[in-house]
$ cat my_file-v5.txt   # compact mmCIF, C-alpha atoms
# COMPACT_ATOMS: atom_id res chain seq x y z
CA MET A 1 132.64 43.47 121.26
CA GLN A 2 133.14 44.21 117.57
CA ASN A 3 130.30 42.21 115.99
CA PRO A 4 128.10 40.70 118.74
CA SER A 5 125.96 37.91 117.31
CA PHE A 6 123.19 35.64 118.62
CA VAL A 7 124.21 32.10 117.67
CA LEU A 8 122.34 28.81 117.64
CA LYS A 9 124.88 26.15 118.67
CA LYS A 10 122.47 23.24 118.51
CA GLU A 11 118.81 22.70 119.26
CA LEU A 12 117.79 24.56 122.45
CA GLU A 13 121.33 25.89 122.93
CA VAL A 14 122.13 29.50 122.05
CA ALA A 15 125.00 31.82 122.90
CA PHE A 16 126.26 35.36 122.34
CA GLU A 17 129.50 35.44 120.35
CA ASP A 18 131.77 38.16 119.06
CA ARG A 19 132.09 37.33 115.39
CA PRO A 20 134.49 39.10 112.99
CA VAL A 21 133.18 42.31 111.44
CA PRO A 22 132.35 41.43 107.81
CA GLU A 23 134.23 43.24 105.07
CA ILE A 24 132.90 44.48 101.75
CA LYS A 25 134.44 42.32 99.01
CA ASP A 26 132.07 42.99 96.12
CA PRO A 27 131.93 46.64 94.97
CA HIS A 28 128.12 46.42 94.76
CA ASP A 29 127.76 45.43 98.45
CA VAL A 30 126.88 47.57 101.45
CA LYS A 31 127.56 47.09 105.15
CA ILE A 32 124.54 47.52 107.42
CA ASN A 33 124.36 48.21 111.12
CA VAL A 34 121.40 46.01 112.06
CA LYS A 35 118.96 47.88 114.32
CA LYS A 36 115.75 45.82 114.50
CA THR A 37 115.06 42.11 113.95
CA GLY A 38 111.77 40.22 114.11
CA ILE A 39 111.37 36.55 114.97
CA CYS A 40 109.83 34.16 112.45
CA GLY A 41 108.31 30.74 113.02
CA SER A 42 111.19 29.18 111.11
CA ASP A 43 113.66 30.79 113.55
CA VAL A 44 111.84 29.17 116.45
CA HIS A 45 111.72 25.84 114.60
CA TYR A 46 115.51 25.88 114.19
CA TYR A 47 115.85 26.79 117.86
CA LEU A 48 113.62 23.89 118.96
CA HIS A 49 114.55 21.19 116.46
CA GLY A 50 117.79 22.20 114.73
CA ARG A 51 116.19 21.85 111.32
CA VAL A 52 113.39 23.01 109.03
CA GLY A 53 112.51 20.38 106.46
CA ASP A 54 115.62 19.47 104.48
CA PHE A 55 117.67 22.32 105.99
CA ILE A 56 119.60 20.85 108.91
CA LEU A 57 121.86 22.69 111.35
CA LYS A 58 125.33 21.13 111.13
CA ALA A 59 127.43 23.97 112.57
CA PRO A 60 126.75 27.01 114.80
CA MET A 61 124.64 29.58 112.94
CA VAL A 62 123.68 33.20 113.62
CA LEU A 63 119.89 33.43 113.83
CA GLY A 64 117.52 36.05 112.37
CA HIS A 65 116.33 37.14 108.94
CA GLU A 66 113.61 39.77 109.46
CA SER A 67 115.76 42.87 109.82
CA ALA A 68 116.21 46.56 109.13
CA GLY A 69 119.19 48.78 109.77
CA GLU A 70 121.38 51.68 108.73
CA VAL A 71 124.00 51.69 105.98
CA VAL A 72 127.47 52.37 107.44
CA GLU A 73 129.69 51.60 104.43
CA VAL A 74 129.18 51.23 100.68
CA GLY A 75 131.17 49.48 97.97
CA SER A 76 132.87 51.48 95.25
CA ALA A 77 130.21 50.65 92.62
CA VAL A 78 127.13 51.34 94.79
CA THR A 79 124.92 54.07 93.30
CA SER A 80 121.48 53.68 94.93
CA LEU A 81 122.45 53.95 98.61
CA LYS A 82 124.68 56.09 100.80
CA VAL A 83 125.98 55.98 104.35
CA GLY A 84 123.16 56.86 106.76
CA ASP A 85 120.31 55.44 104.66
CA ARG A 86 117.84 53.29 106.58
CA VAL A 87 116.96 50.07 104.76
CA ALA A 88 114.78 46.99 104.90
CA MET A 89 117.06 43.99 104.37
CA GLU A 90 115.92 41.29 101.95
CA PRO A 91 117.61 38.21 103.43
CA GLY A 92 117.86 35.86 100.44
CA VAL A 93 120.40 36.41 97.65
CA PRO A 94 120.20 34.05 94.66
CA SER A 95 122.94 32.99 92.30
CA ARG A 96 123.14 35.55 89.52
CA TYR A 97 123.85 32.65 87.14
CA SER A 98 120.89 30.34 87.83
CA ASP A 99 118.12 29.72 85.33
CA GLU A 100 115.59 30.62 88.02
CA TYR A 101 117.20 34.03 88.51
CA LYS A 102 117.45 34.71 84.79
CA SER A 103 113.84 33.64 84.18
CA GLY A 104 112.53 36.04 86.83
CA HIS A 105 111.84 33.59 89.66
CA TYR A 106 114.86 34.11 91.86
CA ASN A 107 113.01 32.93 95.00
CA LEU A 108 113.20 29.42 93.50
CA CYS A 109 116.97 29.52 92.96
CA PRO A 110 118.49 26.26 94.26
CA HIS A 111 121.67 28.13 95.21
CA MET A 112 119.91 30.77 97.31
CA ALA A 113 122.02 32.11 100.19
CA PHE A 114 119.27 32.80 102.71
CA ALA A 115 120.00 34.32 106.12
CA ALA A 116 119.69 31.89 109.06
CA THR A 117 119.21 28.90 106.77
CA PRO A 118 122.07 26.39 107.05
CA PRO A 119 124.87 26.91 106.21
CA TYR A 120 124.33 30.70 106.05
CA ASP A 121 124.47 33.00 109.06
CA GLY A 122 121.55 35.28 109.84
CA THR A 123 121.09 38.93 110.67
CA LEU A 124 120.97 38.91 114.49
CA CYS A 125 124.35 40.63 114.68
CA LYS A 126 125.67 44.17 114.66
CA TYR A 127 126.99 44.23 111.08
CA TYR A 128 125.74 42.42 107.99
CA ILE A 129 126.70 42.58 104.29
CA LEU A 130 124.12 42.66 101.46
CA PRO A 131 124.15 43.60 97.77
CA GLU A 132 122.68 47.07 97.29
CA ASP A 133 119.80 45.73 95.18
CA PHE A 134 118.64 43.54 98.07
CA CYS A 135 118.20 46.58 100.30
CA VAL A 136 115.11 48.78 100.05
CA LYS A 137 115.49 52.32 101.31
CA LEU A 138 112.89 53.25 103.91
CA PRO A 139 110.99 56.54 103.46
CA ASP A 140 111.14 58.97 106.37
CA GLN A 141 107.66 58.01 107.57
CA VAL A 142 108.53 54.29 107.86
CA SER A 143 110.25 53.33 111.12
CA LEU A 144 112.98 50.72 111.50
CA GLU A 145 110.52 48.52 113.43
CA GLU A 146 108.20 48.63 110.44
CA GLY A 147 111.22 47.99 108.22
CA ALA A 148 111.86 44.70 110.03
CA MET A 149 108.24 43.70 109.31
CA ILE A 150 108.70 44.17 105.57
CA GLU A 151 110.01 40.59 105.35
CA PRO A 152 106.79 38.85 106.47
CA LEU A 153 104.68 41.45 104.66
CA SER A 154 106.52 40.58 101.44
CA VAL A 155 105.38 36.98 101.85
CA GLY A 156 101.83 38.28 101.83
CA VAL A 157 102.47 40.53 98.83
CA HIS A 158 103.95 37.66 96.84
CA SER A 159 101.12 35.24 97.55
CA VAL A 160 98.33 37.73 96.88
CA LYS A 161 99.93 38.98 93.66
CA ASN A 162 100.23 35.40 92.43
CA MET A 163 96.58 34.70 93.22
CA GLY A 164 95.51 37.32 90.70
CA ILE A 165 93.11 39.10 93.06
CA THR A 166 90.46 41.25 91.37
CA PRO A 167 88.71 44.28 92.92
CA GLY A 168 85.57 43.24 94.79
CA ALA A 169 86.77 39.67 95.27
CA LYS A 170 85.50 37.36 97.99
CA VAL A 171 88.35 35.53 99.78
CA ALA A 172 88.67 33.02 102.62
CA VAL A 173 91.94 33.04 104.59
CA PHE A 174 92.68 30.00 106.75
CA GLY A 175 95.06 30.72 109.63
CA ALA A 176 95.28 34.06 111.46
CA GLY A 177 98.90 33.89 112.58
CA PRO A 178 101.40 36.51 111.40
CA ILE A 179 101.42 35.33 107.77
CA GLY A 180 97.63 35.00 107.63
CA LEU A 181 97.33 38.52 109.05
CA VAL A 182 99.69 40.10 106.53
CA CYS A 183 97.96 38.24 103.69
CA THR A 184 94.64 39.61 104.94
CA SER A 185 96.03 43.15 104.99
CA VAL A 186 97.40 42.84 101.45
CA LEU A 187 94.14 41.35 100.18
CA LYS A 188 92.29 44.41 101.47
CA ALA A 189 94.88 46.77 99.97
CA PHE A 190 94.56 44.98 96.60
CA GLY A 191 90.79 45.42 96.50
CA ALA A 192 89.16 42.34 98.05
CA THR A 193 85.89 43.44 99.68
CA THR A 194 84.82 40.25 101.47
CA ILE A 195 87.54 38.58 103.54
CA VAL A 196 86.66 35.83 106.01
CA THR A 197 89.45 34.62 108.29
CA VAL A 198 89.29 31.15 109.82
CA ASP A 199 91.16 30.11 112.96
CA LEU A 200 90.68 28.12 116.16
CA VAL A 201 91.80 31.04 118.37
CA GLN A 202 89.27 33.85 118.82
CA SER A 203 91.88 36.45 119.85
CA ARG A 204 93.69 35.94 116.55
CA LEU A 205 90.43 36.38 114.67
CA ASP A 206 89.70 39.58 116.60
CA LEU A 207 93.09 40.91 115.53
CA SER A 208 92.43 39.90 111.92
CA ARG A 209 89.57 42.42 111.79
CA GLU A 210 92.14 45.16 112.39
CA PHE A 211 93.98 43.89 109.30
CA GLY A 212 90.95 43.95 107.03
CA ALA A 213 88.84 40.86 107.72
CA THR A 214 85.12 41.49 107.24
CA HIS A 215 84.06 38.16 108.76
CA THR A 216 85.61 35.62 111.13
CA PHE A 217 84.88 31.95 111.73
CA VAL A 218 85.86 29.42 114.39
CA PRO A 219 85.41 25.81 113.17
CA GLN A 220 83.15 23.77 115.42
CA LYS A 221 84.61 20.66 116.96
CA GLY A 222 83.46 17.54 115.17
CA ASP A 223 82.38 19.28 111.96
CA THR A 224 83.57 17.81 108.68
CA PRO A 225 85.30 20.04 106.10
CA GLU A 226 82.04 20.06 104.14
CA GLN A 227 80.06 21.22 107.18
CA SER A 228 82.57 23.94 107.99
CA ALA A 229 82.55 25.08 104.35
CA ALA A 230 78.75 25.33 104.39
CA ARG A 231 78.80 27.41 107.59
CA ILE A 232 81.44 29.78 106.16
CA GLN A 233 79.50 30.23 102.93
CA GLU A 234 76.34 31.02 104.88
CA LEU A 235 78.29 33.53 106.99
CA ILE A 236 79.44 35.53 103.95
CA GLY A 237 76.04 35.73 102.31
CA GLY A 238 75.55 32.33 100.72
CA VAL A 239 78.01 32.86 97.86
CA ALA A 240 81.21 30.80 97.78
CA PRO A 241 84.48 32.78 97.51
CA GLU A 242 86.40 32.67 94.26
CA PHE A 243 89.72 32.76 96.14
CA VAL A 244 90.98 30.71 99.08
CA LEU A 245 94.36 31.20 100.77
CA ASP A 246 95.65 28.77 103.37
CA ALA A 247 98.26 30.13 105.79
CA SER A 248 97.83 27.33 108.33
CA GLY A 249 99.23 24.23 106.65
CA ALA A 250 96.63 22.20 108.58
CA GLU A 251 95.00 19.31 106.72
CA PRO A 252 91.42 20.09 107.90
CA SER A 253 91.80 23.71 106.80
CA ILE A 254 93.11 22.73 103.38
CA ASN A 255 90.23 20.36 102.75
CA THR A 256 87.70 22.88 104.06
CA GLY A 257 89.11 25.46 101.68
CA VAL A 258 88.82 23.17 98.68
CA ALA A 259 85.26 22.27 99.70
CA LEU A 260 84.37 25.96 100.10
CA ILE A 261 85.83 27.55 96.97
CA ARG A 262 83.54 28.17 94.01
CA PRO A 263 84.03 26.28 90.72
CA GLY A 264 86.74 27.85 88.59
CA GLY A 265 88.33 29.50 91.62
CA THR A 266 91.97 29.91 92.63
CA TYR A 267 93.41 28.19 95.70
CA MET A 268 96.73 29.43 97.16
CA GLN A 269 98.85 27.43 99.62
CA VAL A 270 101.19 29.55 101.73
CA GLY A 271 101.39 27.71 105.06
CA ASN A 272 103.62 24.69 105.61
CA GLY A 273 102.41 21.65 107.49
CA LYS A 274 102.89 17.92 107.17
CA PRO A 275 104.70 17.05 103.93
CA ILE A 276 102.03 14.51 102.95
CA ILE A 277 98.31 14.90 103.67
CA GLU A 278 94.99 13.39 102.61
CA PHE A 279 93.63 15.80 100.06
CA ALA A 280 90.35 15.95 98.14
CA MET A 281 91.91 15.98 94.68
CA SER A 282 88.59 15.08 93.03
CA ARG A 283 87.28 18.53 93.97
CA VAL A 284 90.21 20.16 92.17
CA VAL A 285 89.20 18.22 89.04
CA ASN A 286 85.42 18.58 89.31
CA LYS A 287 85.58 22.30 90.14
CA GLU A 288 88.37 22.93 87.61
CA LEU A 289 90.35 24.80 90.25
CA THR A 290 93.67 26.56 89.84
CA VAL A 291 95.94 25.43 92.69
CA LYS A 292 99.12 27.38 93.41
CA GLY A 293 101.90 27.45 95.96
CA SER A 294 103.73 30.53 97.19
CA PHE A 295 107.35 30.57 98.41
CA ARG A 296 108.90 33.60 100.10
CA TYR A 297 108.96 36.62 97.72
CA ASP A 298 110.34 37.66 94.36
CA TYR A 299 111.26 40.70 92.29
CA GLY A 300 109.47 43.86 93.41
CA ASP A 301 107.69 42.34 96.41
CA TYR A 302 109.88 44.09 99.00
CA LYS A 303 109.41 47.46 97.30
CA THR A 304 105.65 46.95 97.09
CA ALA A 305 105.55 46.03 100.77
CA VAL A 306 107.45 49.21 101.71
CA GLU A 307 105.05 51.28 99.57
CA LEU A 308 102.01 49.71 101.26
CA VAL A 309 103.38 50.66 104.68
CA ALA A 310 104.52 54.13 103.61
CA SER A 311 101.10 54.92 102.11
CA GLY A 312 99.27 53.79 105.24
CA LYS A 313 97.40 51.02 103.42
CA VAL A 314 98.96 48.39 105.71
CA ASN A 315 99.75 48.90 109.39
CA VAL A 316 102.40 46.34 110.35
CA LYS A 317 102.92 47.99 113.75
CA LYS A 318 99.82 46.10 114.92
CA LEU A 319 101.79 42.87 114.48
CA ILE A 320 104.41 43.91 117.05
CA THR A 321 103.30 42.87 120.53
CA HIS A 322 106.68 42.67 122.31
CA THR A 323 110.11 44.34 122.10
CA VAL A 324 113.25 43.10 123.91
CA PRO A 325 116.90 44.23 123.95
CA PHE A 326 119.51 42.15 122.14
CA GLU A 327 120.90 40.92 125.46
CA LYS A 328 117.56 39.17 126.12
CA ALA A 329 117.19 37.62 122.68
CA GLU A 330 116.54 34.15 124.09
CA GLU A 331 113.57 35.53 126.01
CA ALA A 332 112.14 36.72 122.71
CA TYR A 333 112.33 33.21 121.30
CA GLN A 334 110.57 31.87 124.36
CA LEU A 335 107.77 34.43 124.00
CA VAL A 336 107.13 33.37 120.40
CA ARG A 337 107.54 29.68 121.23
CA GLU A 338 104.90 29.92 123.97
CA GLY A 339 102.47 31.82 121.77
CA LYS A 340 102.60 34.93 123.96
CA ALA A 341 103.79 37.20 121.13
CA VAL A 342 102.43 37.75 117.64
CA LYS A 343 105.66 39.42 116.56
CA CYS A 344 108.58 40.17 118.86
CA ILE A 345 111.22 42.73 117.86
CA ILE A 346 114.80 42.44 119.09
CA ASP A 347 116.55 45.79 119.44
CA GLY A 348 120.17 46.11 118.50
CA PRO A 349 122.81 45.07 119.22
CA ASN A 350 123.90 48.60 120.07
$ encode --input "my_file-v5.txt" --output "structure tokens"
Amino acid sequence: MQNPSFVLKKELEVAFEDRPVPEIKDPHDVKINVKKTGICGSDVHYYLHGRVGDFILKAPMVLGHESAGEVVEVGSAVTSLKVGDRVAMEPGVPSRYSDEYKSGHYNLCPHMAFAATPPYDGTLCKYYILPEDFCVKLPDQVSLEEGAMIEPLSVGVHSVKNMGITPGAKVAVFGAGPIGLVCTSVLKAFGATTIVTVDLVQSRLDLSREFGATHTFVPQKGDTPEQSAARIQELIGGVAPEFVLDASGAEPSINTGVALIRPGGTYMQVGNGKPIIEFAMSRVVNKELTVKGSFRYDYGDYKTAVELVASGKVNVKKLITHTVPFEKAEEAYQLVREGKAVKCIIDGPN
């Protein structure tokens, strides 16, 4: 096989295909031999439902977007990379002509070509083409497995940067899944000293302590958001946090967060849930809160994420609970679907 690829044909139907080996057409592009790929919740959502929000699968699509690999060919104008370099692969390339790109917010580009988002193929294949400036060279001390985890870590970097965290900050993080965990790790690296993670699953909360959480909280069944907020505040010393980050997308968590946060604080929404929820907007007004959303990552976030791993400030290896060969890629999706894996790495294809 020249370019073995793991393809989603339709919901719950996948297949291995030999796709054409991509060719470099732009002199600034590089060809990458993909070595490691992680599985994201959006990948599983496409696998189960054939869509994520407004993005609907209409033709077979190669899955995967959390990848790292080795450069095997470079375009004639490439100056920052050479054959043999190991790179983390940023999977979304904006239009170089959009207002969003030119204004410094390329993650919001409406013409973004994002891997494994219809109609664009993903990275679960042997060879993949990217512009050189959307590849971040990995230092010697950063493994390819860690390189694949730079994608979710960049989500955490972007959200925490946009919150405007200050050293010594108190923060509540709702949701201790992979994104909640990386946000927790970045919060610690950026100087937050009190971090309480909130989740319904104790094992996730136990893991969050390894990522920097100082306190953990399991909501009690039947409690209102106000009651949960009061319990969390008591847990962290009676002072409300000035920052709240929701990585769950769950309506009760969102309302608990808004009830908990101190007046004048900053609330960050990272997790996706139902498109429309009941929300205590009066608290936003009465507390004069700053409410922000965070979408993927933007300029510099990938490089910052690599630096955090290289310096030892963030240990993304703790996210990886399972590794499977490319030939068993569907098993990896089942592991994540069933909640048996935090992060599963697919090796290859070789």
$ closest_residue --input "my_file-v5.txt" --among "A:Met61, A:Met281, A:Val324, A:Leu319" --to "A:Gly180" --atoms "all atoms listed in the file"
A:Leu319
$ residues_around --input "my_file-v5.txt" --residues "A:Thr214" --least-positions-apart "4" --cutoff "8 Å" --atoms "only C-alpha atoms" --output "list in words"
Thr193, Thr194, Ile195, Val196 and Arg209 of chain A
$ residues_around --input "my_file-v5.txt" --residues "A:Ser154" --least-positions-apart "3" --cutoff "9 Å" --atoms "all atoms listed in the file" --output "ChimeraX atom specification"
/A:149-151,157-159,182,296-298,301-306
$ closest_atom_pairs --input "my_file-v5.txt" --of "stretch 42-106 of chain A" --to "stretch 334-339 of chain A" --cutoff "9 Å" --atoms "only C-alpha atoms" --output "Markdown table"
| residue | atom | partner | partner_atom | distance |
| --- | --- | --- | --- | --- |
| A:Val44 | CA | A:Arg337 | CA | 6.4 |
| A:His45 | CA | A:Arg337 | CA | 8.7 |
| A:Leu48 | CA | A:Arg337 | CA | 8.7 |
$ closest_residue --input "my_file-v5.txt" --among "A:Lys161, A:Lys36, A:His28, A:Arg19" --to "A:Lys292" --atoms "all atoms listed in the file"
A:Lys161
$ atom_distance --input "my_file-v5.txt" --atom1 "atom CA of A:Phe243" --atom2 "atom CA of A:Glu307"
24.3 Å
$ closest_residue --input "my_file-v5.txt" --among "A:Gly257, A:Gly312, A:Pro60, A:Pro275" --to "A:Ser228" --atoms "all atoms listed in the file"
A:Gly257
$ closest_residue --input "my_file-v5.txt" --among "A:Val74, A:Ala88, A:Ile179, A:Val34" --to "A:Tyr127" --atoms "all atoms listed in the file"
A:Val34
$ closest_residue --input "my_file-v5.txt" --among "A:Leu245, A:Leu124, A:Ile56, A:Val30" --to "A:Arg86" --atoms "all atoms listed in the file"
A:Val30
$ atom_distance --input "my_file-v5.txt" --atom1 "atom CA of A:Val171" --atom2 "atom CA of A:Gly237"
12.6 Å
$ residues_around --input "my_file-v5.txt" --residues "A:Glu242" --least-positions-apart "6" --cutoff "6 Å" --atoms "only C-alpha atoms" --output "list of chain:residue names"
A:Ile261, A:Arg262, A:Gly265
$ atom_distance --input "my_file-v5.txt" --atom1 "atom CA of A:Ala68" --atom2 "atom CA of A:Gln269"
27.5 Å
$ residues_around --input "my_file-v5.txt" --residues "A:Val218" --least-positions-apart "5" --cutoff "12 Å" --atoms "only C-alpha atoms" --output "list in words"
Phe174, Gly175, Ala176, Val196, Thr197, Val198, Asp199, Leu200, Val201, Gln202, Ser203, Arg204, Leu205, Asp206, Asp223, Ser228, Ala229, Arg231, Ile232, Leu235 and Ser253 of chain A
$ closest_residue --input "my_file-v5.txt" --among "A:Gly38, A:Gly69, A:Gly92, A:Gly238" --to "A:Cys109" --atoms "all atoms listed in the file"
A:Gly92
$ residues_around --input "my_file-v5.txt" --residues "stretch 132-135 of chain A" --least-positions-apart "6" --cutoff "8 Å" --atoms "only C-alpha atoms" --output "VMD selection string"
chain A and resid 28 to 30 78 80 to 81 87 to 91 93
$ residues_near_point --input "my_file-v5.txt" --point "(92.2, 22.5, 89.2)" --cutoff "12 Å" --atoms "all atoms listed in the file" --output "VMD selection string"
chain A and resid 258 261 to 268 280 to 292
$ decode --input "my_file-v5.txt" --residues "stretch 217-248 of chain A" --atoms "N, CA and C atoms" --output "short mmCIF file (atom, residue, chain, number, x, y, z; two decimals), in the first residue's frame"
data_model
loop_
_atom_site.label_atom_id
_atom_site.label_comp_id
_atom_site.auth_asym_id
_atom_site.auth_seq_id
_atom_site.Cartn_x
_atom_site.Cartn_y
_atom_site.Cartn_z
N PHE A 217 -13.92 18.33 43.45
CA PHE A 217 -15.29 18.38 43.97
C PHE A 217 -16.22 17.55 43.09
N VAL A 218 -16.99 16.68 43.73
CA VAL A 218 -18.04 15.93 43.05
C VAL A 218 -19.39 16.52 43.45
N PRO A 219 -20.16 17.08 42.51
CA PRO A 219 -21.48 17.63 42.85
C PRO A 219 -22.38 16.56 43.46
N GLN A 220 -23.14 16.97 44.47
CA GLN A 220 -24.05 16.04 45.13
C GLN A 220 -25.39 16.02 44.40
N LYS A 221 -25.89 14.83 44.21
CA LYS A 221 -27.16 14.67 43.50
C LYS A 221 -28.26 15.45 44.20
N GLY A 222 -29.00 16.22 43.42
CA GLY A 222 -30.11 16.99 43.97
C GLY A 222 -29.75 18.40 44.35
N ASP A 223 -28.46 18.72 44.44
CA ASP A 223 -28.07 20.09 44.79
C ASP A 223 -28.35 21.04 43.63
N THR A 224 -28.75 22.26 43.96
CA THR A 224 -28.92 23.30 42.96
C THR A 224 -27.55 23.87 42.60
N PRO A 225 -27.44 24.61 41.49
CA PRO A 225 -26.17 25.27 41.18
C PRO A 225 -25.68 26.17 42.33
N GLU A 226 -26.61 26.84 42.99
CA GLU A 226 -26.23 27.71 44.10
C GLU A 226 -25.65 26.92 45.27
N GLN A 227 -26.26 25.75 45.55
CA GLN A 227 -25.74 24.91 46.63
C GLN A 227 -24.36 24.34 46.30
N SER A 228 -24.21 23.90 45.05
CA SER A 228 -22.90 23.39 44.64
C SER A 228 -21.85 24.49 44.71
N ALA A 229 -22.21 25.69 44.25
CA ALA A 229 -21.27 26.81 44.29
C ALA A 229 -20.84 27.12 45.72
N ALA A 230 -21.79 27.08 46.65
CA ALA A 230 -21.46 27.36 48.05
C ALA A 230 -20.51 26.30 48.61
N ARG A 231 -20.72 25.05 48.25
CA ARG A 231 -19.85 23.97 48.73
C ARG A 231 -18.44 24.12 48.16
N ILE A 232 -18.35 24.48 46.87
CA ILE A 232 -17.02 24.65 46.25
C ILE A 232 -16.28 25.81 46.90
N GLN A 233 -16.99 26.90 47.13
CA GLN A 233 -16.35 28.07 47.75
C GLN A 233 -15.84 27.72 49.14
N GLU A 234 -16.62 26.99 49.89
CA GLU A 234 -16.19 26.57 51.23
C GLU A 234 -14.94 25.69 51.14
N LEU A 235 -14.92 24.81 50.13
CA LEU A 235 -13.80 23.88 49.95
C LEU A 235 -12.48 24.61 49.71
N ILE A 236 -12.52 25.73 49.00
CA ILE A 236 -11.28 26.44 48.65
C ILE A 236 -10.99 27.61 49.58
N GLY A 237 -11.59 27.58 50.76
CA GLY A 237 -11.23 28.56 51.77
C GLY A 237 -12.19 29.70 51.96
N GLY A 238 -13.38 29.61 51.36
CA GLY A 238 -14.40 30.62 51.58
C GLY A 238 -14.33 31.82 50.66
N VAL A 239 -13.35 31.84 49.77
CA VAL A 239 -13.21 32.96 48.82
C VAL A 239 -13.56 32.47 47.42
N ALA A 240 -14.45 33.17 46.75
CA ALA A 240 -14.87 32.78 45.40
C ALA A 240 -13.73 32.98 44.41
N PRO A 241 -13.59 32.10 43.43
CA PRO A 241 -12.53 32.27 42.42
C PRO A 241 -12.84 33.42 41.48
N GLU A 242 -11.77 34.07 41.01
CA GLU A 242 -11.96 35.16 40.05
C GLU A 242 -12.03 34.66 38.62
N PHE A 243 -11.70 33.38 38.41
CA PHE A 243 -11.77 32.78 37.07
C PHE A 243 -12.52 31.46 37.14
N VAL A 244 -13.37 31.23 36.16
CA VAL A 244 -14.06 29.94 36.00
C VAL A 244 -13.91 29.52 34.55
N LEU A 245 -13.56 28.26 34.34
CA LEU A 245 -13.44 27.69 32.99
C LEU A 245 -14.31 26.45 32.91
N ASP A 246 -15.22 26.41 31.95
CA ASP A 246 -16.06 25.23 31.78
C ASP A 246 -15.60 24.43 30.56
N ALA A 247 -15.18 23.18 30.81
CA ALA A 247 -14.77 22.28 29.74
C ALA A 247 -15.74 21.12 29.60
N SER A 248 -16.94 21.28 30.19
CA SER A 248 -17.93 20.20 30.16
C SER A 248 -19.04 20.44 29.15
#
